[in-house]
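Participant: Below is run.csv; it holds CSV, C-alpha atoms and all ligand atoms.
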```
chain,number,residue,atom,x,y,z
V,1,MET,CA,-82.1,29.1,8.0
V,2,ILE,CA,-79.5,29.4,5.3
V,3,ASP,CA,-76.5,31.2,6.8
V,4,GLU,CA,-75.1,34.1,4.8
V,5,THR,CA,-71.7,32.7,4.1
V,6,LYS,CA,-69.9,32.4,0.7
V,7,GLY,CA,-69.4,28.6,0.8
V,8,LEU,CA,-71.8,25.7,1.0
V,9,PHE,CA,-72.4,23.6,4.1
V,10,VAL,CA,-73.4,20.0,3.3
V,11,VAL,CA,-74.0,17.4,6.0
V,12,LEU,CA,-74.5,13.6,5.7
V,13,GLU,CA,-76.7,12.0,8.2
V,14,GLY,CA,-78.1,8.6,9.0
V,15,GLY,CA,-77.7,5.6,11.2
V,16,GLU,CA,-74.5,3.7,11.7
V,17,GLY,CA,-73.4,1.9,8.6
V,18,ALA,CA,-75.8,4.0,6.4
V,19,GLY,CA,-73.0,4.7,3.9
V,20,LYS,CA,-72.0,8.3,4.9
V,21,THR,CA,-68.3,7.7,4.8
V,22,THR,CA,-68.5,6.0,1.4
V,23,GLN,CA,-70.5,8.9,-0.1
V,24,LEU,CA,-68.4,11.6,1.5
V,25,GLY,CA,-65.3,10.1,-0.1
V,26,LEU,CA,-66.9,10.1,-3.5
V,27,LEU,CA,-68.2,13.6,-3.1
V,28,GLU,CA,-64.9,15.0,-1.9
V,29,GLN,CA,-63.1,13.4,-4.9
V,30,TRP,CA,-65.7,14.8,-7.4
V,31,LEU,CA,-65.7,18.3,-6.0
V,32,ALA,CA,-61.9,18.4,-5.8
V,33,GLN,CA,-61.7,17.3,-9.5
V,34,SER,CA,-64.2,20.0,-10.4
V,35,GLY,CA,-61.8,22.6,-9.0
V,36,ARG,CA,-63.7,23.3,-5.8
V,37,ARG,CA,-62.1,24.1,-2.5
V,38,VAL,CA,-63.4,21.3,-0.2
V,39,VAL,CA,-63.1,20.8,3.5
V,40,ARG,CA,-64.1,17.3,4.7
V,41,THR,CA,-64.7,16.9,8.4
V,42,ARG,CA,-66.7,14.9,10.9
V,43,GLU,CA,-68.5,14.9,14.2
V,44,PRO,CA,-67.8,14.5,16.9
V,45,GLY,CA,-64.3,15.7,16.1
V,46,GLY,CA,-62.9,17.9,13.4
V,47,THR,CA,-60.7,20.0,15.8
V,48,GLU,CA,-58.2,19.0,18.4
V,49,VAL,CA,-60.6,19.5,21.3
V,50,GLY,CA,-63.4,17.8,19.3
V,51,GLU,CA,-61.2,14.7,18.7
V,52,ARG,CA,-60.5,14.5,22.4
V,53,ILE,CA,-64.2,14.7,23.1
V,54,ARG,CA,-64.8,12.0,20.5
V,55,ALA,CA,-62.4,9.7,22.4
V,56,LEU,CA,-64.2,10.5,25.7
V,57,VAL,CA,-67.7,9.7,24.5
V,58,LEU,CA,-67.2,6.9,22.0
V,59,ASP,CA,-64.4,4.8,23.2
V,60,HIS,CA,-64.8,1.8,25.5
V,61,GLY,CA,-63.2,2.0,28.9
V,62,GLN,CA,-64.1,5.6,29.7
V,63,GLY,CA,-66.8,4.5,32.2
V,64,GLU,CA,-70.5,5.3,32.0
V,65,VAL,CA,-71.5,8.7,30.5
V,66,ASP,CA,-74.9,9.9,31.5
V,67,PRO,CA,-77.2,11.3,28.7
V,68,ARG,CA,-77.0,15.0,29.7
V,69,THR,CA,-73.2,14.9,29.9
V,70,GLU,CA,-73.1,13.1,26.6
V,71,ALA,CA,-75.4,15.8,24.9
V,72,LEU,CA,-73.3,18.6,26.3
V,73,LEU,CA,-70.0,17.0,25.2
V,74,PHE,CA,-71.4,16.6,21.6
V,75,ALA,CA,-72.5,20.2,21.7
V,76,ALA,CA,-69.1,21.4,23.0
V,77,SER,CA,-67.3,19.5,20.3
V,78,ARG,CA,-69.7,21.1,17.8
V,79,ALA,CA,-69.2,24.6,19.1
V,80,ALA,CA,-65.4,24.3,18.6
V,81,HIS,CA,-66.0,22.7,15.2
V,82,VAL,CA,-68.2,25.6,14.0
V,83,SER,CA,-66.1,28.4,15.3
V,84,GLN,CA,-62.6,27.0,14.5
V,85,LYS,CA,-63.2,25.1,11.3
V,86,ILE,CA,-66.6,25.2,9.6
V,87,ARG,CA,-67.4,29.0,9.6
V,88,PRO,CA,-63.8,30.0,8.6
V,89,ALA,CA,-64.0,27.5,5.7
V,90,LEU,CA,-67.4,28.7,4.6
V,91,ASP,CA,-66.3,32.3,4.8
V,92,ALA,CA,-63.4,31.4,2.6
V,93,GLY,CA,-65.8,30.0,0.0
V,94,ALA,CA,-65.2,26.3,0.6
V,95,VAL,CA,-67.7,23.5,0.2
V,96,VAL,CA,-67.8,21.9,3.7
V,97,LEU,CA,-68.7,18.2,3.8
V,98,CYS,CA,-69.5,17.1,7.3
V,99,ASP,CA,-70.1,13.6,8.5
V,100,ARG,CA,-73.0,14.2,11.0
V,101,TYR,CA,-74.1,17.4,12.7
V,102,ILE,CA,-77.0,18.7,14.9
V,103,ASP,CA,-79.5,16.1,13.6
V,104,SER,CA,-77.4,13.3,15.1
V,105,SER,CA,-77.7,14.9,18.5
V,106,LEU,CA,-81.4,15.4,18.1
V,107,ALA,CA,-81.8,11.7,17.1
V,108,TYR,CA,-79.4,10.0,19.5
V,109,GLN,CA,-79.5,12.2,22.5
V,110,GLY,CA,-82.9,13.9,22.0
V,111,ALA,CA,-85.0,11.0,20.8
V,112,GLY,CA,-82.8,7.9,21.5
V,113,ARG,CA,-81.7,8.8,25.0
V,114,GLY,CA,-85.0,10.6,25.8
V,115,LEU,CA,-83.7,14.0,26.6
V,116,GLY,CA,-86.2,15.7,24.3
V,117,VAL,CA,-85.6,16.9,20.7
V,118,ALA,CA,-86.6,20.5,21.5
V,119,GLU,CA,-84.2,20.7,24.5
V,120,VAL,CA,-81.3,19.3,22.6
V,121,ALA,CA,-82.0,21.6,19.7
V,122,GLN,CA,-81.8,24.6,22.0
V,123,ILE,CA,-78.4,23.8,23.4
V,124,ASN,CA,-77.1,23.2,19.9
V,125,ALA,CA,-78.5,26.4,18.5
V,126,TRP,CA,-76.6,28.2,21.2
V,127,ALA,CA,-73.4,26.2,20.6
V,128,THR,CA,-73.4,26.8,16.9
V,129,GLU,CA,-74.8,30.4,16.9
V,130,GLY,CA,-77.6,29.1,14.7
V,131,LEU,CA,-75.5,27.7,11.9
V,132,GLU,CA,-77.6,25.3,9.8
V,133,PRO,CA,-76.5,23.3,6.8
V,134,ASN,CA,-77.5,24.4,3.3
V,135,LEU,CA,-78.2,20.8,2.5
V,136,THR,CA,-78.5,17.7,4.7
V,137,VAL,CA,-78.4,14.4,2.8
V,138,LEU,CA,-80.2,11.7,4.9
V,139,LEU,CA,-79.2,8.1,4.0
V,140,ASP,CA,-82.2,6.2,5.2
V,141,VAL,CA,-81.4,2.5,5.9
V,142,ASP,CA,-83.4,-0.2,7.7
V,143,PRO,CA,-81.6,-0.7,11.1
V,144,LEU,CA,-81.3,-4.5,10.4
V,145,VAL,CA,-79.5,-3.8,7.1
V,146,SER,CA,-77.1,-1.3,8.8
V,147,ALA,CA,-76.4,-3.8,11.6
V,148,ARG,CA,-75.5,-6.4,9.0
V,149,ARG,CA,-73.2,-4.0,7.1
V,150,ARG,CA,-71.4,-3.0,10.2
V,151,ALA,CA,-70.9,-6.6,11.3
V,152,SER,CA,-69.5,-7.6,8.0
V,153,ARG,CA,-67.3,-4.5,7.8
V,154,ASP,CA,-66.0,-5.2,11.3
V,155,GLY,CA,-65.5,-8.9,10.8
V,156,GLY,CA,-68.3,-9.6,13.3
V,157,ALA,CA,-66.7,-7.7,16.2
V,158,ALA,CA,-68.9,-5.8,18.6
V,159,GLY,CA,-69.2,-2.1,17.8
V,160,ASP,CA,-68.4,0.8,20.1
V,161,ARG,CA,-70.4,1.8,23.2
V,162,ILE,CA,-73.4,3.4,21.3
V,163,GLU,CA,-73.4,0.8,18.5
V,164,SER,CA,-74.2,-1.9,21.1
V,165,ALA,CA,-77.6,-0.4,21.6
V,166,ASP,CA,-80.6,-2.5,20.5
V,167,LEU,CA,-82.8,-2.5,17.4
V,168,ALA,CA,-85.6,-0.5,19.1
V,169,PHE,CA,-83.1,2.3,19.8
V,170,HIS,CA,-82.0,2.3,16.1
V,171,THR,CA,-85.6,2.4,14.9
V,172,THR,CA,-86.3,5.4,17.2
V,173,LEU,CA,-83.2,7.1,15.7
V,174,ARG,CA,-84.4,6.4,12.1
V,175,GLU,CA,-87.8,7.9,12.8
V,176,ALA,CA,-86.2,11.0,14.4
V,177,PHE,CA,-84.0,11.6,11.4
V,178,LEU,CA,-87.0,11.2,9.0
V,179,ASP,CA,-89.1,13.6,11.2
V,180,ARG,CA,-86.4,16.2,10.9
V,181,ALA,CA,-86.3,15.9,7.2
V,182,ALA,CA,-90.1,16.0,6.9
V,183,ALA,CA,-90.2,19.3,8.9
V,184,ALA,CA,-87.9,21.1,6.4
V,185,PRO,CA,-88.0,19.3,3.1
V,186,GLY,CA,-86.3,22.1,1.1
V,187,ARG,CA,-83.1,21.6,3.1
V,188,TYR,CA,-83.0,17.8,2.9
V,189,LEU,CA,-82.3,15.2,0.3
V,190,VAL,CA,-83.7,11.9,1.7
V,191,LEU,CA,-82.3,8.9,-0.2
V,192,ASN,CA,-82.8,5.1,0.2
V,193,GLY,CA,-79.4,4.1,1.5
V,194,GLU,CA,-80.0,0.6,0.2
V,195,ASP,CA,-79.7,1.8,-3.4
V,196,SER,CA,-76.3,1.2,-5.0
V,197,VAL,CA,-73.3,3.3,-4.0
V,198,GLU,CA,-73.1,4.7,-7.6
V,199,SER,CA,-76.8,5.7,-7.9
V,200,LEU,CA,-76.7,7.4,-4.5
V,201,HIS,CA,-73.6,9.4,-5.5
V,202,ARG,CA,-75.3,10.5,-8.8
V,203,ALA,CA,-78.4,11.7,-6.8
V,204,VAL,CA,-76.3,13.7,-4.4
V,205,ARG,CA,-74.2,15.2,-7.2
V,206,THR,CA,-77.3,16.3,-9.1
V,207,ARG,CA,-78.6,18.1,-6.1
V,208,LEU,CA,-75.3,19.7,-5.4
V,209,GLU,CA,-74.9,20.9,-9.0
V,210,SER,CA,-78.1,22.8,-8.6
V,211,LEU,CA,-76.8,24.6,-5.5
V,212,LEU,CA,-73.3,25.4,-6.6
V,213,SER,CA,-72.3,28.3,-8.7
V,214,PRO,CA,-69.8,27.5,-11.5
V,215,ALA,CA,-66.3,26.7,-10.1
V,216,GLY,CA,-64.1,29.8,-10.0
V,217,SER,CA,-67.0,32.3,-10.0
V,218,SER,CA,-67.3,34.7,-7.1
V,219,ALA,CA,-71.1,34.3,-6.8
H,1,LIG,N1,-73.2,10.6,17.8
H,1,LIG,C1,-74.2,11.0,18.7
H,1,LIG,O1,-74.7,10.2,19.5
H,1,LIG,N2,-74.5,12.4,18.8
H,1,LIG,C2,-74.0,13.3,17.9
H,1,LIG,O2,-74.3,14.5,18.0
H,1,LIG,C3,-73.0,12.8,17.0
H,1,LIG,C4,-72.6,11.5,17.0
H,1,LIG,C5,-72.3,13.8,16.1
H,1,LIG,C6,-70.3,8.4,15.7
H,1,LIG,O3,-69.9,7.3,15.0
H,1,LIG,C7,-71.2,7.9,16.8
H,1,LIG,O4,-71.5,9.1,17.6
H,1,LIG,C8,-72.5,7.4,16.3
H,1,LIG,C9,-73.5,8.5,16.6
H,1,LIG,C10,-72.9,9.2,17.8
H,1,LIG,N3,-72.9,6.3,17.0
H,1,LIG,N4,-72.3,5.3,17.1
H,1,LIG,N5,-71.8,4.3,17.2
H,1,LIG,P1,-69.0,7.4,13.7
H,1,LIG,O5,-69.2,8.7,13.0
H,1,LIG,O6,-67.7,7.0,14.0
H,1,LIG,O7,-69.6,6.2,12.9
H,1,LIG,P2,-70.9,6.2,12.1
H,1,LIG,O8,-71.5,7.6,11.8
H,1,LIG,O9,-71.8,5.4,12.8
H,1,LIG,O10,-70.4,5.7,10.7
H,1,LIG,P3,-70.1,4.3,10.2
H,1,LIG,O11,-70.5,3.2,11.1
H,1,LIG,O12,-68.6,4.4,9.9
H,1,LIG,O13,-71.0,4.2,9.0
H,1,LIG,P4,-71.1,5.1,7.7
H,1,LIG,O14,-70.0,6.0,7.5
H,1,LIG,O15,-72.5,5.6,7.6
H,1,LIG,O16,-71.0,3.9,6.6
H,1,LIG,P5,-69.8,3.5,5.6
H,1,LIG,O17,-68.6,3.3,6.5
H,1,LIG,O18,-69.7,4.3,4.4
H,1,LIG,O19,-70.4,2.1,5.2
H,1,LIG,C11,-70.6,1.0,6.0
H,1,LIG,C12,-70.5,-0.3,5.3
H,1,LIG,O20,-71.5,-0.4,4.3
H,1,LIG,C13,-69.2,-0.4,4.5
H,1,LIG,O21,-68.7,-1.8,4.5
H,1,LIG,C14,-69.6,0.0,3.1
H,1,LIG,O22,-68.8,-0.5,2.1
H,1,LIG,C15,-71.0,-0.5,3.0
H,1,LIG,N6,-71.8,0.3,2.1
H,1,LIG,C16,-71.8,1.7,2.0
H,1,LIG,N7,-72.8,2.1,1.1
H,1,LIG,C17,-73.4,1.0,0.7
H,1,LIG,C18,-74.5,0.8,-0.2
H,1,LIG,N8,-75.1,1.8,-0.8
H,1,LIG,N9,-74.9,-0.5,-0.4
H,1,LIG,C19,-74.3,-1.5,0.2
H,1,LIG,N10,-73.2,-1.4,1.1
H,1,LIG,C20,-72.8,-0.1,1.3
```
In structure tokens, what does this structure look like?

Facilitator:
Amino acid sequence: MIDETKGLFVVLEGGEGAGKTTQLGLLEQWLAQSGRRVVRTREPGGTEVGERIRALVLDHGQGEVDPRTEALLFAASRAAHVSQKIRPALDAGAVVLCDRYIDSSLAYQGAGRGLGVAEVAQINAWATEGLEPNLTVLLDVDPLVSARRRASRDGGAAGDRIESADLAFHTTLREAFLDRAAAAPGRYLVLNGEDSVESLHRAVRTRLESLLSPAGSSA
């Protein structure tokens, strides 16, 4: 469903180390230079309460978090994010660039942690009052490649709690992301995240150019 707001809601999804942050930075720069109002944000997080939830679920040392609690915390962070930040920005005509959204919960909690994709979709539809992105860019990367990227970026240090999960878990996540994209191809741009940074950026730009009205127009 495309929500009837004035702005454009664009989400980047993919496994850890897929290149989402890199592409979001380039997109933000390009859109700002084109005269667009841009709001860049991330999940979990994006609001004060969301950032506190992020610390609770992602940092080491918080103790074990069971899967249902985790799913509800991500959904709670998302509810605040949509109502306090994303919808107001869309209503004001901004392009919202978001690092992860509902598909991450469907992949990690629904498929990865075995809670069920349909069940997790239901709590998220309620939390967001049905707000779907206009476009989701899925950066698809072999889990081995992303593990190597993260290790080299982090100087070989262990990742956070979720990043310590094994390869089978990451393969399940990858399949869940791809299933989501296959179910609604018109709303997704699936790219090979192992292509160069520059060619990925060009591909996303081309797709966004087709969705955006000229800067400054009221359409
Ligand atoms: N999570 C969840 O379980 N449920 C939910 O609903 C949500 C999240 C919303 C959030 O982590 C964690 O929360 C995540 C899912 C879970 N699990 N973990 N752990 P995060 O948002 O903090 O981190 P991340 O999403 O995993 O992002 P990341 O590790 O920072 O990766 P990235 O942003 O996708 O990649 P990057 O930082 O742009 O690039 C990684 C490295 O690769 C870096 O050195 C780049 O220079 C390099 N790179 C980037 N692009 C390329 C290309 N094209 N070629 C070669 N090298 C590249």

Participant: Just give me the gap between CA of Ser152 in chain V and atom C5 of ligand LIG 1 (chain H) in Å, one decimal is fine.

Facilitator: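 Separation of CA of Ser152 in chain V and atom C5 of ligand LIG 1 (chain H): 23.1 Å.
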
Participant: At what distance in Å, to one decimal, does atom N3 of ligand LIG 1 (chain H) lie from CA of Arg68 in chain V?

Facilitator: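 Taking CA of Arg68 in chain V as the start and atom N3 of ligand LIG 1 (chain H) as the end point, the length is 15.9 Å.
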
Participant: When you look at Leu24 in chain V with a cut-off of 8 Å (counting all atoms listed in the file), what residues show up, excluding the ones that are within fewer than 2 positions of it in the same chain? I need them as a list in words.

Facilitator: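 Close residues of Leu24 in chain V: Leu12, Lys20, Thr21, Thr22, Leu26, Leu27, Glu28, Arg40, Leu97 and Asp99 of chain V.
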
Participant: Enter the distance from atom C2 of ligand LIG 1 (chain H) to CA of Arg202 in chain V, in Å, rounded to one decimal.

Facilitator: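 We find that atom C2 of ligand LIG 1 (chain H) and CA of Arg202 in chain V lie 26.9 Å from each other.
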
Participant: With distances taken over all atoms listed in the file, which of V:Ile53, V:Ala118, V:Ala75, V:Leu211 is nearest to Gly186 in chain V?

Facilitator: V:Leu211

Participant: Between V:Val117, V:Ala107, V:Leu189, V:Leu138, which has the minimum distance to Ala176 in chain V (counting all atoms listed in the file)?

Facilitator: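 Checking each of V:Val117, V:Ala107, V:Leu189, V:Leu138 against Ala176 in chain V, counting all atoms listed in the file, the winner is V:Ala107.
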
Participant: For Lys6 in chain V, which of V:Ser199, V:Gln29, V:Asn134, V:Thr206 is the closest residue, counting only C-alpha atoms?

Facilitator: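 Looking only at the distances to Lys6 in chain V, the closest residue turns out to be V:Asn134.
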
Participant: Env of Ser146 in chain V: 9 Å cut, atoms = all atoms listed in the file, seq-sep filter 3 positions within chain, self excluded. Answer as a list in words.

Facilitator: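 So, after excluding close chain neighbours, the residues are Gly15, Glu16, Gly17, Ala18, Gly19, Val141, Asp142, Pro143, Arg149, Arg150 and Ala151 of chain V.
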
Participant: Can you work out which one of V:Ala125, V:Ser210, V:Asp140, V:Ser77 has the shortest atom-to-atom distance to Ala181 in chain V, counting all atoms listed in the file?

Facilitator: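 The closest residue to Ala181 in chain V is V:Asp140.
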
Participant: Counting all atoms listed in the file, which of V:Leu191, V:Ile102, V:Leu173, V:Val145 gets nearest to ligand LIG 1 (chain H)?

Facilitator: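 The closest residue to ligand LIG 1 (chain H) is V:Ile102.
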
Participant: Just checking: using only C-alpha atoms, which residue out of V:Ala80, V:Leu72, V:Gly35, V:Ala182 ends up closest to Val49 in chain V?

Facilitator: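 Result for the nearest residue to Val49 in chain V: V:Ala80.
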
Participant: Excluding Glu43 in chain V and any residue of its chain fewer than 2 positions from it, enumerate the residues within 12 Å of it, using only C-alpha atoms, and give them as a ChimeraX atom specification.

Facilitator: /V:11-13,20-21,40-41,45-55,57-58,73-82,85-86,97-105

Participant: Quick one: residues within 7 Å of Val96 in chain V, all atoms listed in the file, excluding same-chain residues fewer than 5 positions away - as a VMD selection string?

Facilitator: chain V and resid 8 to 10 38 to 40 86 90

Participant: Please supply range 5-16 of chain V, rebuilt with all heavy atoms, as a PDB file, in the coordinates of the input.

Facilitator:
```
ATOM      1  N   THR V   5     -73.093  32.859   4.287  1.00  0.00           N
ATOM      2  CA  THR V   5     -71.700  32.700   4.100  1.00  0.00           C
ATOM      3  C   THR V   5     -71.444  32.461   2.601  1.00  0.00           C
ATOM      4  O   THR V   5     -72.386  32.199   1.863  1.00  0.00           O
ATOM      5  CB  THR V   5     -71.129  31.516   4.895  1.00  0.00           C
ATOM      6  OG1 THR V   5     -71.996  30.416   4.693  1.00  0.00           O
ATOM      7  CG2 THR V   5     -71.076  31.824   6.376  1.00  0.00           C
ATOM      8  N   LYS V   6     -70.167  32.487   2.171  1.00  0.00           N
ATOM      9  CA  LYS V   6     -69.900  32.400   0.700  1.00  0.00           C
ATOM     10  C   LYS V   6     -69.852  30.903   0.277  1.00  0.00           C
ATOM     11  O   LYS V   6     -70.074  30.614  -0.876  1.00  0.00           O
ATOM     12  CB  LYS V   6     -68.539  33.017   0.424  1.00  0.00           C
ATOM     13  CG  LYS V   6     -68.605  34.531   0.508  1.00  0.00           C
ATOM     14  CD  LYS V   6     -67.307  35.151   0.042  1.00  0.00           C
ATOM     15  CE  LYS V   6     -66.340  35.304   1.198  1.00  0.00           C
ATOM     16  NZ  LYS V   6     -65.001  35.710   0.865  1.00  0.00           N
ATOM     17  N   GLY V   7     -69.530  29.996   1.197  1.00  0.00           N
ATOM     18  CA  GLY V   7     -69.400  28.600   0.800  1.00  0.00           C
ATOM     19  C   GLY V   7     -70.715  27.844   0.895  1.00  0.00           C
ATOM     20  O   GLY V   7     -71.792  28.436   0.957  1.00  0.00           O
ATOM     21  N   LEU V   8     -70.594  26.525   0.889  1.00  0.00           N
ATOM     22  CA  LEU V   8     -71.800  25.700   1.000  1.00  0.00           C
ATOM     23  C   LEU V   8     -71.545  24.619   2.032  1.00  0.00           C
ATOM     24  O   LEU V   8     -70.515  23.943   2.033  1.00  0.00           O
ATOM     25  CB  LEU V   8     -71.990  25.000  -0.402  1.00  0.00           C
ATOM     26  CG  LEU V   8     -73.352  24.345  -0.593  1.00  0.00           C
ATOM     27  CD1 LEU V   8     -74.431  25.400  -0.856  1.00  0.00           C
ATOM     28  CD2 LEU V   8     -73.308  23.365  -1.762  1.00  0.00           C
ATOM     29  N   PHE V   9     -72.517  24.495   2.917  1.00  0.00           N
ATOM     30  CA  PHE V   9     -72.400  23.600   4.100  1.00  0.00           C
ATOM     31  C   PHE V   9     -73.284  22.375   3.826  1.00  0.00           C
ATOM     32  O   PHE V   9     -74.503  22.506   3.810  1.00  0.00           O
ATOM     33  CB  PHE V   9     -72.746  24.346   5.333  1.00  0.00           C
ATOM     34  CG  PHE V   9     -72.570  23.575   6.617  1.00  0.00           C
ATOM     35  CD1 PHE V   9     -71.706  22.477   6.713  1.00  0.00           C
ATOM     36  CD2 PHE V   9     -73.256  23.968   7.762  1.00  0.00           C
ATOM     37  CE1 PHE V   9     -71.545  21.788   7.909  1.00  0.00           C
ATOM     38  CE2 PHE V   9     -73.114  23.286   8.961  1.00  0.00           C
ATOM     39  CZ  PHE V   9     -72.260  22.191   9.034  1.00  0.00           C
ATOM     40  N   VAL V  10     -72.633  21.227   3.623  1.00  0.00           N
ATOM     41  CA  VAL V  10     -73.400  20.000   3.300  1.00  0.00           C
ATOM     42  C   VAL V  10     -73.087  18.948   4.359  1.00  0.00           C
ATOM     43  O   VAL V  10     -71.932  18.661   4.680  1.00  0.00           O
ATOM     44  CB  VAL V  10     -72.909  19.453   1.911  1.00  0.00           C
ATOM     45  CG1 VAL V  10     -73.668  18.171   1.556  1.00  0.00           C
ATOM     46  CG2 VAL V  10     -73.108  20.503   0.829  1.00  0.00           C
ATOM     47  N   VAL V  11     -74.154  18.379   4.898  1.00  0.00           N
ATOM     48  CA  VAL V  11     -74.000  17.400   6.000  1.00  0.00           C
ATOM     49  C   VAL V  11     -74.594  16.057   5.512  1.00  0.00           C
ATOM     50  O   VAL V  11     -75.618  16.026   4.827  1.00  0.00           O
ATOM     51  CB  VAL V  11     -74.779  17.886   7.235  1.00  0.00           C
ATOM     52  CG1 VAL V  11     -74.853  16.795   8.292  1.00  0.00           C
ATOM     53  CG2 VAL V  11     -74.106  19.130   7.803  1.00  0.00           C
ATOM     54  N   LEU V  12     -73.909  14.970   5.879  1.00  0.00           N
ATOM     55  CA  LEU V  12     -74.500  13.600   5.700  1.00  0.00           C
ATOM     56  C   LEU V  12     -74.929  13.063   6.982  1.00  0.00           C
ATOM     57  O   LEU V  12     -74.171  13.080   7.955  1.00  0.00           O
ATOM     58  CB  LEU V  12     -73.485  12.700   4.964  1.00  0.00           C
ATOM     59  CG  LEU V  12     -73.704  12.745   3.432  1.00  0.00           C
ATOM     60  CD1 LEU V  12     -72.952  13.897   2.828  1.00  0.00           C
ATOM     61  CD2 LEU V  12     -73.396  11.443   2.774  1.00  0.00           C
ATOM     62  N   GLU V  13     -76.156  12.576   7.013  1.00  0.00           N
ATOM     63  CA  GLU V  13     -76.700  12.000   8.200  1.00  0.00           C
ATOM     64  C   GLU V  13     -77.295  10.640   7.969  1.00  0.00           C
ATOM     65  O   GLU V  13     -77.564  10.268   6.821  1.00  0.00           O
ATOM     66  CB  GLU V  13     -77.832  12.917   8.787  1.00  0.00           C
ATOM     67  CG  GLU V  13     -77.383  14.263   9.320  1.00  0.00           C
ATOM     68  CD  GLU V  13     -76.821  14.205  10.757  1.00  0.00           C
ATOM     69  OE1 GLU V  13     -76.540  13.093  11.278  1.00  0.00           O
ATOM     70  OE2 GLU V  13     -76.655  15.285  11.345  1.00  0.00           O
ATOM     71  N   GLY V  14     -77.511   9.927   9.053  1.00  0.00           N
ATOM     72  CA  GLY V  14     -78.100   8.600   9.000  1.00  0.00           C
ATOM     73  C   GLY V  14     -77.605   7.725  10.075  1.00  0.00           C
ATOM     74  O   GLY V  14     -76.702   8.122  10.831  1.00  0.00           O
ATOM     75  N   GLY V  15     -78.165   6.546  10.182  1.00  0.00           N
ATOM     76  CA  GLY V  15     -77.700   5.600  11.200  1.00  0.00           C
ATOM     77  C   GLY V  15     -76.326   5.097  10.945  1.00  0.00           C
ATOM     78  O   GLY V  15     -75.720   5.384   9.906  1.00  0.00           O
ATOM     79  N   GLU V  16     -75.820   4.321  11.873  1.00  0.00           N
ATOM     80  CA  GLU V  16     -74.500   3.700  11.700  1.00  0.00           C
ATOM     81  C   GLU V  16     -74.488   2.753  10.547  1.00  0.00           C
ATOM     82  O   GLU V  16     -75.441   1.988  10.397  1.00  0.00           O
ATOM     83  CB  GLU V  16     -74.099   3.019  13.007  1.00  0.00           C
ATOM     84  CG  GLU V  16     -73.910   3.988  14.168  1.00  0.00           C
ATOM     85  CD  GLU V  16     -74.649   3.564  15.421  1.00  0.00           C
ATOM     86  OE1 GLU V  16     -74.445   2.432  15.875  1.00  0.00           O
ATOM     87  OE2 GLU V  16     -75.458   4.367  15.921  1.00  0.00           O
TER      88      GLU V  16
END
```
